[in-house]
Structures are given as structure tokens and as C-alpha cells.
$ cat data_17.pdb   # PDB, C-alpha atoms
MODEL        1
ATOM      1  CA  MET A   1     124.550 178.945  13.373  1.00  0.00           C
ATOM      2  CA  THR A   2     121.500 176.985  14.499  1.00  0.00           C
ATOM      3  CA  LEU A   3     121.475 173.163  14.225  1.00  0.00           C
ATOM      4  CA  SER A   4     118.154 171.442  14.030  1.00  0.00           C
ATOM      5  CA  ARG A   5     116.930 167.954  13.294  1.00  0.00           C
ATOM      6  CA  PRO A   6     116.741 167.260   9.639  1.00  0.00           C
ATOM      7  CA  PRO A   7     113.220 167.735   8.394  1.00  0.00           C
ATOM      8  CA  HIS A   8     112.893 164.166   7.243  1.00  0.00           C
ATOM      9  CA  ALA A   9     114.737 162.308  10.159  1.00  0.00           C
ATOM     10  CA  PRO A  10     112.889 159.264  11.439  1.00  0.00           C
ATOM     11  CA  SER A  11     111.212 159.614  14.825  1.00  0.00           C
ATOM     12  CA  VAL A  12     112.792 157.662  17.789  1.00  0.00           C
ATOM     13  CA  SER A  13     110.545 156.170  20.449  1.00  0.00           C
ATOM     14  CA  LEU A  14     111.118 156.701  24.181  1.00  0.00           C
ATOM     15  CA  SER A  15     112.049 153.054  24.747  1.00  0.00           C
ATOM     16  CA  ASP A  16     114.664 153.265  22.003  1.00  0.00           C
ATOM     17  CA  GLN A  17     116.098 156.361  23.628  1.00  0.00           C
ATOM     18  CA  ILE A  18     116.325 154.625  27.030  1.00  0.00           C
ATOM     19  CA  ALA A  19     117.950 151.557  25.474  1.00  0.00           C
ATOM     20  CA  ALA A  20     120.450 153.783  23.672  1.00  0.00           C
ATOM     21  CA  ALA A  21     121.300 155.535  26.936  1.00  0.00           C
ATOM     22  CA  ILE A  22     121.833 152.212  28.714  1.00  0.00           C
ATOM     23  CA  ASP A  23     124.016 151.022  25.849  1.00  0.00           C
ATOM     24  CA  TRP A  24     126.055 154.197  26.076  1.00  0.00           C
ATOM     25  CA  TRP A  25     126.700 153.733  29.812  1.00  0.00           C
ATOM     26  CA  ARG A  26     127.462 150.043  29.312  1.00  0.00           C
ATOM     27  CA  GLU A  27     130.032 150.934  26.675  1.00  0.00           C
ATOM     28  CA  ALA A  28     131.472 153.358  29.221  1.00  0.00           C
ATOM     29  CA  GLY A  29     131.955 150.455  31.672  1.00  0.00           C
ATOM     30  CA  VAL A  30     129.024 151.151  34.006  1.00  0.00           C
ATOM     31  CA  ASP A  31     126.744 148.125  34.233  1.00  0.00           C
ATOM     32  CA  HIS A  32     125.499 148.289  37.858  1.00  0.00           C
ATOM     33  CA  ASP A  33     123.499 150.739  39.875  1.00  0.00           C
ATOM     34  CA  PHE A  34     125.466 152.072  42.866  1.00  0.00           C
ATOM     35  CA  ALA A  35     124.343 154.040  45.901  1.00  0.00           C
ATOM     36  CA  ASP A  36     126.247 155.405  48.897  1.00  0.00           C
ATOM     37  CA  ALA A  37     123.619 154.390  51.458  1.00  0.00           C
ATOM     38  CA  ALA A  38     123.504 150.695  52.517  1.00  0.00           C
ATOM     39  CA  ARG A  39     120.302 148.842  51.891  1.00  0.00           C
ATOM     40  CA  ASP A  40     118.938 145.875  53.848  1.00  0.00           C
ATOM     41  CA  TRP A  41     117.787 143.580  51.089  1.00  0.00           C
ATOM     42  CA  LEU A  42     116.344 141.080  53.595  1.00  0.00           C
ATOM     43  CA  ALA A  43     114.210 143.606  55.452  1.00  0.00           C
ATOM     44  CA  GLY A  44     110.521 143.015  55.268  1.00  0.00           C
ATOM     45  CA  ARG A  45     110.739 139.351  54.256  1.00  0.00           C
ATOM     46  CA  GLU A  46     107.927 137.100  55.278  1.00  0.00           C
ATOM     47  CA  PRO A  47     108.668 134.345  57.882  1.00  0.00           C
ATOM     48  CA  ALA A  48     107.998 131.720  55.236  1.00  0.00           C
ATOM     49  CA  ALA A  49     110.783 133.121  53.110  1.00  0.00           C
ATOM     50  CA  THR A  50     113.173 132.976  56.113  1.00  0.00           C
ATOM     51  CA  ALA A  51     112.198 129.359  56.752  1.00  0.00           C
ATOM     52  CA  LEU A  52     112.866 128.563  53.106  1.00  0.00           C
ATOM     53  CA  GLN A  53     116.330 130.125  53.431  1.00  0.00           C
ATOM     54  CA  GLU A  54     117.041 127.914  56.493  1.00  0.00           C
ATOM     55  CA  ASP A  55     115.874 124.810  54.643  1.00  0.00           C
ATOM     56  CA  ARG A  56     118.538 125.442  51.995  1.00  0.00           C
ATOM     57  CA  SER A  57     121.362 125.117  54.560  1.00  0.00           C
ATOM     58  CA  GLN A  58     123.689 122.094  54.553  1.00  0.00           C
ATOM     59  CA  PRO A  59     122.094 118.928  55.991  1.00  0.00           C
ATOM     60  CA  PRO A  60     123.761 117.383  59.094  1.00  0.00           C
ATOM     61  CA  ALA A  61     126.595 114.982  58.441  1.00  0.00           C
ATOM     62  CA  PHE A  62     125.524 111.352  58.140  1.00  0.00           C
ATOM     63  CA  VAL A  63     126.589 109.203  61.072  1.00  0.00           C
ATOM     64  CA  PRO A  64     126.298 105.475  60.336  1.00  0.00           C
ATOM     65  CA  PRO A  65     124.692 103.371  63.072  1.00  0.00           C
ATOM     66  CA  ALA A  66     126.983 101.317  65.283  1.00  0.00           C
ATOM     67  CA  PRO A  67     127.374  97.719  64.101  1.00  0.00           C
ATOM     68  CA  PRO A  68     125.635  95.106  66.228  1.00  0.00           C
ATOM     69  CA  PRO A  69     127.871  93.427  68.812  1.00  0.00           C
ATOM     70  CA  VAL A  70     129.523  90.223  67.651  1.00  0.00           C
ATOM     71  CA  GLU A  71     128.728  87.303  69.911  1.00  0.00           C
ATOM     72  CA  VAL A  72     131.870  85.295  70.667  1.00  0.00           C
ATOM     73  CA  PRO A  73     131.238  81.553  71.061  1.00  0.00           C
ATOM     74  CA  ARG A  74     131.977  80.277  74.546  1.00  0.00           C
ATOM     75  CA  ILE A  75     135.102  78.131  74.630  1.00  0.00           C
ATOM     76  CA  GLY A  76     134.095  74.599  75.539  1.00  0.00           C
ATOM     77  CA  GLY A  77     130.421  75.177  74.808  1.00  0.00           C
ATOM     78  CA  ASP A  78     127.711  75.126  77.455  1.00  0.00           C
ATOM     79  CA  PRO A  79     129.216  74.716  80.955  1.00  0.00           C
ATOM     80  CA  ALA A  80     126.321  72.429  81.841  1.00  0.00           C
ATOM     81  CA  GLY A  81     127.896  69.844  79.517  1.00  0.00           C
ATOM     82  CA  TRP A  82     131.405  70.006  80.976  1.00  0.00           C
ATOM     83  CA  PRO A  83     132.686  66.799  82.619  1.00  0.00           C
ATOM     84  CA  GLN A  84     132.442  66.663  86.382  1.00  0.00           C
ATOM     85  CA  ASP A  85     135.400  64.395  87.142  1.00  0.00           C
ATOM     86  CA  LEU A  86     139.055  64.663  86.177  1.00  0.00           C
ATOM     87  CA  ALA A  87     139.350  61.443  84.155  1.00  0.00           C
ATOM     88  CA  ALA A  88     136.338  62.320  81.999  1.00  0.00           C
ATOM     89  CA  PHE A  89     137.699  65.837  81.541  1.00  0.00           C
ATOM     90  CA  ALA A  90     140.960  64.516  80.022  1.00  0.00           C
ATOM     91  CA  ALA A  91     139.028  62.505  77.413  1.00  0.00           C
ATOM     92  CA  TRP A  92     136.704  65.447  76.720  1.00  0.00           C
ATOM     93  CA  TRP A  93     139.757  67.721  76.349  1.00  0.00           C
ATOM     94  CA  LEU A  94     140.948  65.650  73.378  1.00  0.00           C
ATOM     95  CA  ALA A  95     137.609  65.383  71.568  1.00  0.00           C
ATOM     96  CA  GLU A  96     135.398  68.415  72.267  1.00  0.00           C
ATOM     97  CA  PRO A  97     135.159  70.563  69.055  1.00  0.00           C
ATOM     98  CA  ALA A  98     134.082  73.708  70.949  1.00  0.00           C
ATOM     99  CA  LEU A  99     137.501  73.922  72.628  1.00  0.00           C
ATOM    100  CA  ASP A 100     139.268  75.066  69.469  1.00  0.00           C
ATOM    101  CA  GLY A 101     136.832  76.225  66.805  1.00  0.00           C
ATOM    102  CA  GLY A 102     136.073  72.677  65.687  1.00  0.00           C
ATOM    103  CA  LEU A 103     139.711  71.520  65.379  1.00  0.00           C
ATOM    104  CA  VAL A 104     140.590  68.359  67.291  1.00  0.00           C
ATOM    105  CA  HIS A 105     143.959  67.335  65.830  1.00  0.00           C
ATOM    106  CA  ALA A 106     147.347  67.747  67.559  1.00  0.00           C
ATOM    107  CA  ARG A 107     145.812  68.034  71.017  1.00  0.00           C
ATOM    108  CA  VAL A 108     147.786  66.990  74.080  1.00  0.00           C
ATOM    109  CA  PRO A 109     146.125  65.825  77.326  1.00  0.00           C
ATOM    110  CA  PRO A 110     147.032  66.958  80.841  1.00  0.00           C
ATOM    111  CA  ARG A 111     148.944  64.547  83.038  1.00  0.00           C
ATOM    112  CA  GLY A 112     149.339  63.814  86.732  1.00  0.00           C
ATOM    113  CA  PRO A 113     147.253  62.849  89.756  1.00  0.00           C
ATOM    114  CA  LYS A 114     144.301  64.541  91.373  1.00  0.00           C
ATOM    115  CA  ASN A 115     145.002  66.349  94.673  1.00  0.00           C
ATOM    116  CA  ALA A 116     148.625  66.817  93.603  1.00  0.00           C
ATOM    117  CA  GLU A 117     151.077  68.710  95.765  1.00  0.00           C
ATOM    118  CA  LEU A 118     151.440  71.160  92.892  1.00  0.00           C
ATOM    119  CA  MET A 119     149.528  71.953  89.707  1.00  0.00           C
ATOM    120  CA  VAL A 120     151.520  73.480  86.858  1.00  0.00           C
ATOM    121  CA  LEU A 121     149.567  75.426  84.227  1.00  0.00           C
ATOM    122  CA  VAL A 122     151.197  76.634  80.997  1.00  0.00           C
ATOM    123  CA  ASP A 123     149.662  78.469  78.053  1.00  0.00           C
ATOM    124  CA  HIS A 124     149.899  75.676  75.441  1.00  0.00           C
ATOM    125  CA  PRO A 125     151.851  72.494  74.647  1.00  0.00           C
ATOM    126  CA  GLU A 126     155.322  72.599  73.146  1.00  0.00           C
ATOM    127  CA  ALA A 127     155.669  72.398  69.365  1.00  0.00           C
ATOM    128  CA  GLY A 128     156.897  68.788  69.443  1.00  0.00           C
ATOM    129  CA  ASP A 129     154.396  67.422  71.982  1.00  0.00           C
ATOM    130  CA  SER A 130     152.173  64.544  70.934  1.00  0.00           C
ATOM    131  CA  ASP A 131     151.189  62.121  73.692  1.00  0.00           C
ATOM    132  CA  VAL A 132     153.006  63.809  76.601  1.00  0.00           C
ATOM    133  CA  LEU A 133     152.588  67.449  77.590  1.00  0.00           C
ATOM    134  CA  LEU A 134     155.891  69.367  77.829  1.00  0.00           C
ATOM    135  CA  SER A 135     158.081  66.618  76.415  1.00  0.00           C
ATOM    136  CA  GLY A 136     160.834  68.922  75.106  1.00  0.00           C
ATOM    137  CA  GLU A 137     163.152  71.616  76.448  1.00  0.00           C
ATOM    138  CA  GLN A 138     160.425  73.350  78.447  1.00  0.00           C
ATOM    139  CA  GLY A 139     159.601  70.036  80.083  1.00  0.00           C
ATOM    140  CA  ARG A 140     163.231  69.521  81.078  1.00  0.00           C
ATOM    141  CA  LEU A 141     163.339  72.981  82.637  1.00  0.00           C
ATOM    142  CA  LEU A 142     160.112  72.238  84.493  1.00  0.00           C
ATOM    143  CA  GLY A 143     161.594  68.951  85.737  1.00  0.00           C
ATOM    144  CA  ALA A 144     164.555  70.855  87.190  1.00  0.00           C
ATOM    145  CA  ILE A 145     162.206  73.321  88.901  1.00  0.00           C
ATOM    146  CA  LEU A 146     160.143  70.485  90.394  1.00  0.00           C
ATOM    147  CA  ALA A 147     163.292  68.734  91.604  1.00  0.00           C
ATOM    148  CA  ALA A 148     164.449  71.951  93.274  1.00  0.00           C
ATOM    149  CA  LEU A 149     161.107  72.019  95.070  1.00  0.00           C
ATOM    150  CA  GLY A 150     161.599  68.424  96.201  1.00  0.00           C
ATOM    151  CA  LEU A 151     158.904  67.058  93.891  1.00  0.00           C
ATOM    152  CA  THR A 152     158.963  64.290  91.336  1.00  0.00           C
ATOM    153  CA  ALA A 153     156.983  64.583  88.117  1.00  0.00           C
ATOM    154  CA  ASP A 154     154.401  62.037  89.281  1.00  0.00           C
ATOM    155  CA  ARG A 155     153.485  64.261  92.246  1.00  0.00           C
ATOM    156  CA  ALA A 156     152.586  67.234  90.045  1.00  0.00           C
ATOM    157  CA  TYR A 157     149.563  67.772  87.843  1.00  0.00           C
ATOM    158  CA  ILE A 158     150.653  69.405  84.575  1.00  0.00           C
ATOM    159  CA  ALA A 159     148.098  71.054  82.291  1.00  0.00           C
ATOM    160  CA  SER A 160     147.809  73.678  79.562  1.00  0.00           C
ATOM    161  CA  ALA A 161     145.263  76.429  79.042  1.00  0.00           C
ATOM    162  CA  LEU A 162     144.955  75.550  75.330  1.00  0.00           C
ATOM    163  CA  PRO A 163     144.681  72.014  73.934  1.00  0.00           C
ATOM    164  CA  ARG A 164     147.329  72.292  71.206  1.00  0.00           C
ATOM    165  CA  HIS A 165     150.458  74.259  70.337  1.00  0.00           C
ATOM    166  CA  MET A 166     149.556  77.812  69.301  1.00  0.00           C
ATOM    167  CA  PRO A 167     152.566  80.100  68.711  1.00  0.00           C
ATOM    168  CA  HIS A 168     150.515  83.321  68.788  1.00  0.00           C
ATOM    169  CA  PRO A 169     147.183  82.907  70.599  1.00  0.00           C
ATOM    170  CA  ASP A 170     144.623  85.704  70.387  1.00  0.00           C
ATOM    171  CA  TRP A 171     144.325  86.309  74.123  1.00  0.00           C
ATOM    172  CA  ALA A 172     141.707  89.043  73.732  1.00  0.00           C
ATOM    173  CA  ALA A 173     139.439  86.629  71.857  1.00  0.00           C
ATOM    174  CA  LEU A 174     140.155  83.880  74.392  1.00  0.00           C
ATOM    175  CA  ARG A 175     139.174  86.220  77.199  1.00  0.00           C
ATOM    176  CA  ALA A 176     135.987  87.173  75.351  1.00  0.00           C
ATOM    177  CA  GLY A 177     135.251  83.452  74.886  1.00  0.00           C
ATOM    178  CA  LYS A 178     135.399  83.025  78.699  1.00  0.00           C
ATOM    179  CA  LEU A 179     138.409  80.730  78.733  1.00  0.00           C
ATOM    180  CA  ALA A 180     138.850  81.708  82.388  1.00  0.00           C
ATOM    181  CA  ASP A 181     135.664  79.849  83.334  1.00  0.00           C
ATOM    182  CA  LEU A 182     136.964  76.657  81.753  1.00  0.00           C
ATOM    183  CA  LEU A 183     140.348  77.018  83.471  1.00  0.00           C
ATOM    184  CA  LEU A 184     138.713  77.508  86.857  1.00  0.00           C
ATOM    185  CA  HIS A 185     136.584  74.405  86.249  1.00  0.00           C
ATOM    186  CA  HIS A 186     139.684  72.394  85.327  1.00  0.00           C
ATOM    187  CA  ILE A 187     141.531  73.544  88.460  1.00  0.00           C
ATOM    188  CA  ALA A 188     138.519  72.732  90.643  1.00  0.00           C
ATOM    189  CA  LEU A 189     138.437  69.177  89.238  1.00  0.00           C
ATOM    190  CA  ALA A 190     142.187  68.711  89.805  1.00  0.00           C
ATOM    191  CA  GLU A 191     142.013  70.026  93.412  1.00  0.00           C
ATOM    192  CA  PRO A 192     145.749  70.788  93.748  1.00  0.00           C
ATOM    193  CA  LYS A 193     147.293  72.028  96.970  1.00  0.00           C
ATOM    194  CA  ARG A 194     149.214  74.766  95.140  1.00  0.00           C
ATOM    195  CA  LEU A 195     149.349  76.202  91.619  1.00  0.00           C
ATOM    196  CA  ILE A 196     152.123  77.715  89.506  1.00  0.00           C
ATOM    197  CA  VAL A 197     151.016  79.488  86.327  1.00  0.00           C
ATOM    198  CA  PHE A 198     153.867  79.794  83.811  1.00  0.00           C
ATOM    199  CA  SER A 199     152.255  82.456  81.638  1.00  0.00           C
ATOM    200  CA  PRO A 200     151.364  86.095  82.406  1.00  0.00           C
ATOM    201  CA  HIS A 201     148.421  85.847  80.002  1.00  0.00           C
ATOM    202  CA  VAL A 202     146.951  82.839  81.795  1.00  0.00           C
ATOM    203  CA  SER A 203     147.560  84.207  85.294  1.00  0.00           C
ATOM    204  CA  SER A 204     145.807  87.399  84.182  1.00  0.00           C
ATOM    205  CA  LEU A 205     142.789  85.336  83.138  1.00  0.00           C
ATOM    206  CA  LEU A 206     142.796  83.787  86.613  1.00  0.00           C
ATOM    207  CA  GLY A 207     142.596  87.130  88.382  1.00  0.00           C
ATOM    208  CA  HIS A 208     146.224  88.158  88.838  1.00  0.00           C
ATOM    209  CA  ASP A 209     147.249  91.728  88.002  1.00  0.00           C
ATOM    210  CA  PRO A 210     150.514  91.297  86.053  1.00  0.00           C
ATOM    211  CA  ALA A 211     151.917  94.705  87.027  1.00  0.00           C
ATOM    212  CA  ASN A 212     155.694  94.922  86.715  1.00  0.00           C
ATOM    213  CA  SER A 213     157.212  94.904  90.168  1.00  0.00           C
ATOM    214  CA  PRO A 214     160.539  93.733  91.628  1.00  0.00           C
ATOM    215  CA  ASP A 215     158.686  92.563  94.737  1.00  0.00           C
ATOM    216  CA  PRO A 216     158.155  88.765  94.476  1.00  0.00           C
ATOM    217  CA  ALA A 217     155.208  88.992  96.837  1.00  0.00           C
ATOM    218  CA  ARG A 218     153.333  90.834  94.110  1.00  0.00           C
ATOM    219  CA  GLN A 219     153.315  87.575  92.141  1.00  0.00           C
ATOM    220  CA  PHE A 220     151.391  85.658  94.822  1.00  0.00           C
ATOM    221  CA  TYR A 221     147.628  85.383  94.635  1.00  0.00           C
ATOM    222  CA  HIS A 222     144.819  82.877  95.177  1.00  0.00           C
ATOM    223  CA  VAL A 223     142.688  81.010  92.688  1.00  0.00           C
ATOM    224  CA  GLY A 224     139.344  80.693  94.346  1.00  0.00           C
ATOM    225  CA  ALA A 225     139.429  80.938  98.105  1.00  0.00           C
ATOM    226  CA  GLN A 226     141.775  78.076  98.970  1.00  0.00           C
ATOM    227  CA  ILE A 227     144.471  77.516  96.288  1.00  0.00           C
ATOM    228  CA  PRO A 228     147.673  79.589  96.652  1.00  0.00           C
ATOM    229  CA  ALA A 229     149.043  80.501  93.228  1.00  0.00           C
ATOM    230  CA  LEU A 230     152.291  81.901  91.881  1.00  0.00           C
ATOM    231  CA  ALA A 231     152.360  83.945  88.669  1.00  0.00           C
ATOM    232  CA  ALA A 232     155.568  83.134  86.796  1.00  0.00           C
ATOM    233  CA  PRO A 233     157.009  84.008  83.383  1.00  0.00           C
ATOM    234  CA  GLY A 234     156.505  81.498  80.593  1.00  0.00           C
ATOM    235  CA  LEU A 235     158.934  78.580  80.486  1.00  0.00           C
ATOM    236  CA  ASP A 236     160.142  79.757  77.080  1.00  0.00           C
ATOM    237  CA  SER A 237     160.864  83.214  78.549  1.00  0.00           C
ATOM    238  CA  LEU A 238     162.841  81.672  81.407  1.00  0.00           C
ATOM    239  CA  MET A 239     164.971  79.730  78.931  1.00  0.00           C
ATOM    240  CA  ALA A 240     165.658  82.869  76.880  1.00  0.00           C
ATOM    241  CA  ARG A 241     166.521  85.052  79.900  1.00  0.00           C
ATOM    242  CA  PRO A 242     168.947  83.405  82.367  1.00  0.00           C
ATOM    243  CA  ARG A 243     168.500  86.270  84.836  1.00  0.00           C
ATOM    244  CA  GLY A 244     164.831  85.421  85.000  1.00  0.00           C
ATOM    245  CA  LYS A 245     165.680  82.010  86.456  1.00  0.00           C
ATOM    246  CA  ALA A 246     167.343  83.618  89.462  1.00  0.00           C
ATOM    247  CA  ALA A 247     164.337  85.866  90.070  1.00  0.00           C
ATOM    248  CA  MET A 248     162.056  82.857  89.658  1.00  0.00           C
ATOM    249  CA  TRP A 249     164.057  80.910  92.234  1.00  0.00           C
ATOM    250  CA  ARG A 250     163.794  83.745  94.777  1.00  0.00           C
ATOM    251  CA  ALA A 251     160.044  83.949  94.170  1.00  0.00           C
ATOM    252  CA  LEU A 252     159.717  80.184  94.727  1.00  0.00           C
ATOM    253  CA  LEU A 253     161.608  80.372  98.018  1.00  0.00           C
ATOM    254  CA  ASP A 254     159.447  83.252  99.232  1.00  0.00           C
ATOM    255  CA  TRP A 255     156.303  81.471  98.082  1.00  0.00           C
ATOM    256  CA  GLN A 256     157.183  78.247  99.901  1.00  0.00           C
ATOM    257  CA  GLY A 257     157.838  80.205 103.074  1.00  0.00           C
ATOM    258  CA  ALA A 258     154.589  82.160 102.829  1.00  0.00           C
TER     259      ALA A 258
ENDMDL
END

$ encode --input "data_17.pdb" --output "C-alpha cells"
Amino acid sequence: MTLSRPPHAPSVSLSDQIAAAIDWWREAGVDHDFADAARDWLAGREPAATALQEDRSQPPAFVPPAPPPVEVPRIGGDPAGWPQDLAAFAAWWLAEPALDGGLVHARVPPRGPKNAELMVLVDHPEAGDSDVLLSGEQGRLLGAILAALGLTADRAYIASALPRHMPHPDWAALRAGKLADLLLHHIALAEPKRLIVFSPHVSSLLGHDPANSPDPARQFYHVGAQIPALAAPGLDSLMARPRGKAAMWRALLDWQGA
């Protein structure tokens, strides 16, 4: 039996035949052209095309610029305006706005004579001080220490690094504000024969390295070239730690004999 196209079947164009073949293979699940040999699709590209490909890569991560440095106001203002004698300094200490960010209330002045046998420097007044610096429990402890050294209160010059009671001073900001310069100026005006600093923070500002050491000699240093100084714990710390009083007494004995 011979099969032939019906005599009146419509003619099919070549493009229709190709489309029908593609449809047949697509229905069979083949929709891509595969070859066993690998082909380099990027071969022969122009340099401009390669540059365009590089331009489409991820841009570098954005790094914000560093903020400008913050200028910390100098504590006490311009040193050229600081008083040049001790009596004027005490009055300036109570009234100068630049000492404490513009605040002038609750300040307590230093007390004692110039050229004292001993200058005592603490971090700040006691909470209850008003007219007299160290008028509470810390003052009583200091009085006992002075008596043990054979000194009366009127032979010591007693001062604070800060003009008013501050429970939690920002010592980093105080250092940045050059509080040390003001303290050195105050000590130079007082001209004491010796200096005890009852505060590791303040003695650090004055050049002492507060490294922990059982050796009392490590607590001795000089302020300037001529004033022997002793770095001591704060008076409040001595009251809270009775053992610290014994260590303080040994350091005082060694210091007096030095």
C-alpha cells in the first residue's frame, strides 16, 4: 500500500515546518541547544566591552569622613588672665565662670598660709562644705593626719582641684581641659615646702604614675623641680578601708625620712 499526500492538502511553508519541529522538541522537553565541547563565550570581545563589564562591578564601600576634632574649653580660661598672687587667686576661684562651665554656686575657697610647711590637695570639697574646705569627716581625718605629722591646721595650706563638690568628675574631660596647668599655677602661688595629694586622679594630672605597687617609695615624686610630693589615696577611700590608713602611715614615715 502506498500512502501519499491527499491531492487537495494545503501546502505548508518552510518556516511553518521549522516552527512545528521546534514545537515538537519543546513538547518533548528539549528547549536548549547542547554541545559536548566547551565554548568561550567571552573570546574575541573588544576591550571596550571588557571595560563595560568592569564598570558594572560593585562600587567600593562608603567610608564616612572622620568628624572634626572637638575643641575642649580650657579650664580657667586664658592663663594670661590668671591671678598672680595667692589672695587674688582665692577670690578669683570663687567667681571665675570658666572654672566650672559657667557655674559659680556652692564653691569653697582654699585655706591656709602661703609658704606653708605642707600643702594638702584633694579632688573636691566635701558634700557639706560651704565656707570652710573639708569641714566634715574627711576634714577630721585630715586633722588627725596633720597632728601625727606635728602640724596644726593653721600651718597647712588646704586646697581642692575642683571648686565645688562633684561626686563623679569626668577626669578625662578635665585632663583635656588642661586642669593640670591650673593646678600647677595654684601650687606655684602657694609655694609650699611639701605637698600631699589625696587623690590618684589629681596626682596623675601632676605627673605621678599611679601604678599599683606595695613599695611606698613609688608614691614619692616632685611637682616642678623643688616641691616633694606624696601621692596618697583619697580621704574617703582611707575612711572606707582601715588597712589603707596603716599603709598611709608607713608611707608618711618614709616620706618624712626621705

$ resolve_selection --input "data_17.pdb" --expression "the PyMOL selection byres ((chain A and resi 94) around 12)" --output "PyMOL selection string"
chain A and resi 76+87-93+95-100+102-110+130-131+162-164

$ resolve_selection --input "data_17.pdb" --expression "the PyMOL selection byres ((chain A and resi 116-128) around 7)" --output "PDB file with C-alpha atoms, in the coordinates of the input"
ATOM      1  CA  VAL A 108     147.786  66.990  74.080  1.00  0.00           C
ATOM      2  CA  PRO A 113     147.253  62.849  89.756  1.00  0.00           C
ATOM      3  CA  LYS A 114     144.301  64.541  91.373  1.00  0.00           C
ATOM      4  CA  ASN A 115     145.002  66.349  94.673  1.00  0.00           C
ATOM      5  CA  ASP A 129     154.396  67.422  71.982  1.00  0.00           C
ATOM      6  CA  SER A 130     152.173  64.544  70.934  1.00  0.00           C
ATOM      7  CA  LEU A 133     152.588  67.449  77.590  1.00  0.00           C
ATOM      8  CA  LEU A 134     155.891  69.367  77.829  1.00  0.00           C
ATOM      9  CA  GLY A 136     160.834  68.922  75.106  1.00  0.00           C
ATOM     10  CA  ARG A 155     153.485  64.261  92.246  1.00  0.00           C
ATOM     11  CA  ALA A 156     152.586  67.234  90.045  1.00  0.00           C
ATOM     12  CA  TYR A 157     149.563  67.772  87.843  1.00  0.00           C
ATOM     13  CA  ILE A 158     150.653  69.405  84.575  1.00  0.00           C
ATOM     14  CA  ALA A 159     148.098  71.054  82.291  1.00  0.00           C
ATOM     15  CA  SER A 160     147.809  73.678  79.562  1.00  0.00           C
ATOM     16  CA  ALA A 161     145.263  76.429  79.042  1.00  0.00           C
ATOM     17  CA  LEU A 162     144.955  75.550  75.330  1.00  0.00           C
ATOM     18  CA  PRO A 163     144.681  72.014  73.934  1.00  0.00           C
ATOM     19  CA  ARG A 164     147.329  72.292  71.206  1.00  0.00           C
ATOM     20  CA  HIS A 165     150.458  74.259  70.337  1.00  0.00           C
ATOM     21  CA  MET A 166     149.556  77.812  69.301  1.00  0.00           C
ATOM     22  CA  PRO A 192     145.749  70.788  93.748  1.00  0.00           C
ATOM     23  CA  LYS A 193     147.293  72.028  96.970  1.00  0.00           C
ATOM     24  CA  ARG A 194     149.214  74.766  95.140  1.00  0.00           C
ATOM     25  CA  LEU A 195     149.349  76.202  91.619  1.00  0.00           C
ATOM     26  CA  ILE A 196     152.123  77.715  89.506  1.00  0.00           C
ATOM     27  CA  VAL A 197     151.016  79.488  86.327  1.00  0.00           C
ATOM     28  CA  PHE A 198     153.867  79.794  83.811  1.00  0.00           C
ATOM     29  CA  SER A 199     152.255  82.456  81.638  1.00  0.00           C
ATOM     30  CA  VAL A 202     146.951  82.839  81.795  1.00  0.00           C
TER      31      VAL A 202
END

$ atom_distance --input "data_17.pdb" --atom1 "atom CA of Leu189 of chain A" --atom2 "atom CA of Asp78 of chain A"
17.0 Å

$ closest_residue --input "data_17.pdb" --among "A:Arg241, A:Arg111, A:Arg250, A:Arg74" --to "Leu179 of chain A" --atoms "all atoms listed in the file"
A:Arg74

$ atom_distance --input "data_17.pdb" --atom1 "atom CA of Val223 of chain A" --atom2 "atom CA of Asp209 of chain A"
12.6 Å

$ residues_around --input "data_17.pdb" --residues "Glu71 of chain A" --least-positions-apart "6" --cutoff "12 Å" --atoms "only C-alpha atoms" --output "PDB file with C-alpha atoms, in the frame of the given file"
ATOM      1  CA  ALA A 173     139.439  86.629  71.857  1.00  0.00           C
ATOM      2  CA  ALA A 176     135.987  87.173  75.351  1.00  0.00           C
ATOM      3  CA  GLY A 177     135.251  83.452  74.886  1.00  0.00           C
ATOM      4  CA  LYS A 178     135.399  83.025  78.699  1.00  0.00           C
TER       5      LYS A 178
END

$ resolve_selection --input "data_17.pdb" --expression "the PyMOL selection byres ((chain A and resi 204) around 12)" --output "ChimeraX atom specification"
/A:123,171-172,174-175,179-180,183,197-203,205-211,219,221-223,229-233

$ atom_distance --input "data_17.pdb" --atom1 "atom CA of Asp181 of chain A" --atom2 "atom CA of Trp255 of chain A"
25.4 Å

$ build_atoms --input "data_17.pdb" --residues "segment 121-132 of chain A" --atoms "N, CA and C atoms" --output "PDB file, in the coordinates of the input"
ATOM      1  N   LEU A 121     150.416  75.030  85.353  1.00  0.00           N
ATOM      2  CA  LEU A 121     149.567  75.426  84.227  1.00  0.00           C
ATOM      3  C   LEU A 121     150.389  76.300  83.283  1.00  0.00           C
ATOM      4  N   VAL A 122     150.493  75.863  82.028  1.00  0.00           N
ATOM      5  CA  VAL A 122     151.197  76.634  80.997  1.00  0.00           C
ATOM      6  C   VAL A 122     150.173  77.097  79.961  1.00  0.00           C
ATOM      7  N   ASP A 123     150.619  77.934  79.027  1.00  0.00           N
ATOM      8  CA  ASP A 123     149.662  78.469  78.053  1.00  0.00           C
ATOM      9  C   ASP A 123     149.256  77.432  77.017  1.00  0.00           C
ATOM     10  N   HIS A 124     150.226  76.690  76.447  1.00  0.00           N
ATOM     11  CA  HIS A 124     149.899  75.676  75.441  1.00  0.00           C
ATOM     12  C   HIS A 124     151.029  74.662  75.361  1.00  0.00           C
ATOM     13  N   PRO A 125     150.796  73.505  74.763  1.00  0.00           N
ATOM     14  CA  PRO A 125     151.851  72.494  74.647  1.00  0.00           C
ATOM     15  C   PRO A 125     153.040  72.999  73.835  1.00  0.00           C
ATOM     16  N   GLU A 126     154.155  72.298  73.971  1.00  0.00           N
ATOM     17  CA  GLU A 126     155.322  72.599  73.146  1.00  0.00           C
ATOM     18  C   GLU A 126     155.063  72.157  71.712  1.00  0.00           C
ATOM     19  N   ALA A 127     155.877  72.682  70.792  1.00  0.00           N
ATOM     20  CA  ALA A 127     155.669  72.398  69.365  1.00  0.00           C
ATOM     21  C   ALA A 127     155.795  70.910  69.056  1.00  0.00           C
ATOM     22  N   GLY A 128     156.685  70.202  69.749  1.00  0.00           N
ATOM     23  CA  GLY A 128     156.897  68.788  69.443  1.00  0.00           C
ATOM     24  C   GLY A 128     156.094  67.829  70.281  1.00  0.00           C
ATOM     25  N   ASP A 129     155.186  68.321  71.134  1.00  0.00           N
ATOM     26  CA  ASP A 129     154.396  67.422  71.982  1.00  0.00           C
ATOM     27  C   ASP A 129     153.400  66.616  71.153  1.00  0.00           C
ATOM     28  N   SER A 130     153.203  65.374  71.569  1.00  0.00           N
ATOM     29  CA  SER A 130     152.173  64.544  70.934  1.00  0.00           C
ATOM     30  C   SER A 130     151.348  63.850  72.010  1.00  0.00           C
ATOM     31  N   ASP A 131     151.919  62.831  72.650  1.00  0.00           N
ATOM     32  CA  ASP A 131     151.189  62.121  73.692  1.00  0.00           C
ATOM     33  C   ASP A 131     151.449  62.684  75.080  1.00  0.00           C
ATOM     34  N   VAL A 132     152.609  63.331  75.280  1.00  0.00           N
ATOM     35  CA  VAL A 132     153.006  63.809  76.601  1.00  0.00           C
ATOM     36  C   VAL A 132     153.153  65.331  76.570  1.00  0.00           C
TER      37      VAL A 132
END
